[in-house]
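S.K.: A single structure is presented below for examination.
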2 protein chains.
Amino acid sequence: MSPRIVEVREGILKKNDALAGELRTRFRQAGLSVVSLVSSPGAGKTALLERTLAGLRATDRVAALVGDLATDRDAQRLGRAGVPVRQITTGTVCHLDAEMVARALDDWRLADLDLLFIENVGNLVCPASYDLGESLRVVLMSVTEGEDKPLKYPTIFNSADLAVITKCDLAAAVEFRRAEAEANVRLVRPGIEILATSARTGEGFDAWLDRLRRLRGAGQGTS
Amino acid sequence: MSPRIVEVREGILKKNDALAGELRTRFRQAGLSVVSLVSSPGAGKTALLERTLAGLRATDRVAALVGDLATDRDAQRLGRAGVPVRQITTGTVCHLDAEMVARALDDWRLADLDLLFIENVGNLVCPASYDLGESLRVVLMSVTEGEDKPLKYPTIFNSADLAVITKCDLAAAVEFRRAEAEANVRLVRPGIEILATSARTGEGFDAWLDRLRRLRGAGQGTS
């Protein structure tokens, strides 16, 4: 990268960090836990979220922001769960940033929510550098992508707090080697918690929903 | 995006376009056809390329450049085909650019090659804007990613000359709706040629290899 673009990029990231810090304070004051999801396109963020919102909405006040370059398809899909959902359309921008999140939440009463999910643009590179004020960043990795993705996209795995393996119902069909995949995740992010799920069969969702409910308790405890 | 970043980005793209133009001239003068591959991470670029190099090397002088943020795993995989392969490691940069390609080819005798493949970093957003001097840009889309990806990442599909659907051996397992996927590709890129393949079973490879051989002929015809 040219020195000029590095300098401009650093300025942008610094501004984003400051805004994300403000968002994090607002979230904490409202007693709101925020979970962001990052992955490559088609790893199953929206499918995971559909089943998650359906599983939580009876007990928790949940909502979602979903990022895409174009279309509001994901918001339409998630809206069927009957919870507040808003699409952020980024145009040509390859990631969400804190300003987009702040703008999307402008007219929401955060104190009326327990858990907010933010689904990033499908991209295993650029979202890594942008703090969104979330309490938990979850990186998804589908069994169909290959076991080596953490090694090839280390920055985003290293920026995550939790890894979720998705589409486990296809694991046998693609001869997925789970132990190797998990070892690769932990090579770039030692000690990270890893869950394995299938949004189609529900495999792993008890552990995933439990994890989210614990987060909610923790979020409220510190507010 | 801030006006400042837009301005810097435009400068970078302009410089890239100029360098890509020079590369394109060098490739044409050497009688070399260059095919670039873009897709999301794990869509099967390397698997397609492995089978492609194996299928062409008896009749054509082929080589490959492969881009990744980190590791030289793809170059190692492709190197087993016994053809020249070089890895471009981008660090944190989310795409290849013309300068990286020019640098990687610095000590290669291009006139000794018929077909050069350039595998981009797995990313459905950022590579769209960077011309690499290629004769043919191929966008891959695996059946496991969902039929709506062209609508959600229109810019990269719109920048491609050919779309290849990959992992067709998994189509039934994921209930892939091919007609819908193809309609979505052509909504954002009217008239584009679409091939359907499986690097595992070899489905569609006769048509794909024929397409590449025709390109080779065309490249030599205009040199």
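By order of appearance in the structure tokens: chains A, B, ..., then residues from 1 within every chain, and ligands from 1 in the order shown.
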Each residue of chain A with at least one atom at most 8 Å from chain B should appear once, together with its nearest atom pair and the corresponding distance in Å (one decimal); atoms considered: only C-alpha atoms; ordering: chain, then increasing residue number; output as a Markdown table.
M.R.:
| residue | atom | partner | partner_atom | distance |
| --- | --- | --- | --- | --- |
| A:Met1 | CA | B:Val93 | CA | 7.8 |
| A:Arg4 | CA | B:Val8 | CA | 7.8 |
| A:Ile5 | CA | B:Val8 | CA | 6.7 |
| A:Val8 | CA | B:Ile5 | CA | 6.7 |
| A:Arg9 | CA | B:Ile5 | CA | 7.9 |
| A:Ser40 | CA | B:Pro41 | CA | 6.1 |
| A:Pro41 | CA | B:Ser40 | CA | 6.1 |
| A:Gly42 | CA | B:Glu145 | CA | 4.0 |
| A:Ala43 | CA | B:Glu145 | CA | 6.7 |
| A:Gly44 | CA | B:Glu145 | CA | 8.0 |
| A:Asp68 | CA | B:Lys152 | CA | 6.3 |
| A:Leu69 | CA | B:Lys152 | CA | 6.0 |
| A:Ala70 | CA | B:Lys152 | CA | 5.1 |
| A:Thr71 | CA | B:Lys152 | CA | 6.1 |
| A:Thr92 | CA | B:Val125 | CA | 7.6 |
| A:Val93 | CA | B:Met1 | CA | 7.9 |
| A:Cys94 | CA | B:Val125 | CA | 5.9 |
| A:Gly122 | CA | B:Leu124 | CA | 8.0 |
| A:Asn123 | CA | B:Asn123 | CA | 6.1 |
| A:Leu124 | CA | B:Asn123 | CA | 7.1 |
| A:Val125 | CA | B:Cys94 | CA | 5.9 |
| A:Cys126 | CA | B:Cys94 | CA | 6.8 |
| A:Thr144 | CA | B:Gly42 | CA | 7.1 |
| A:Glu145 | CA | B:Gly42 | CA | 4.0 |
| A:Gly146 | CA | B:Gly42 | CA | 6.1 |
| A:Lys149 | CA | B:Gly42 | CA | 7.5 |
| A:Leu151 | CA | B:Thr71 | CA | 6.9 |
| A:Lys152 | CA | B:Ala70 | CA | 5.1 |
| A:Tyr153 | CA | B:Leu69 | CA | 6.2 |
| A:Pro154 | CA | B:Ala70 | CA | 7.4 |
| A:Thr155 | CA | B:Thr92 | CA | 7.6 |
| A:Leu170 | CA | B:Ala173 | CA | 7.6 |
| A:Ala173 | CA | B:Leu170 | CA | 7.5 |
S.K.: Using DSSP on the backbone coordinates, identify the residues of region 140-186 of chain B assigned to strand (DSSP E); present them as a VMD selection string.
M.R.: chain B and resid 140 to 142 162 to 166
S.K.: Between CA of Asp206 (chain B) and CA of Asp131 (chain B), what is the spacing in Å?
M.R.: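 Here the two named atoms are 28.0 Å from each other.
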S.K.: Which residue out of A:Gly191, A:Gly21, A:Gly82, A:Gly55 has the minimum interatomic distance to Tyr130 (chain A) when only C-alpha atoms are used?
M.R.: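 Checking each candidate against Tyr130 (chain A), we get A:Gly21 as the closest.
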S.K.: Just want the 12 Å neighbourhood of Val101 (chain A), counted on only C-alpha atoms, with same-chain residues fewer than 3 positions away dropped. Output as a PyMOL selection string.
M.R.: chain A and resi 16+19-20+22-24+27+34+36+64-67+86-90+95-98+104-108+116-120+130-134
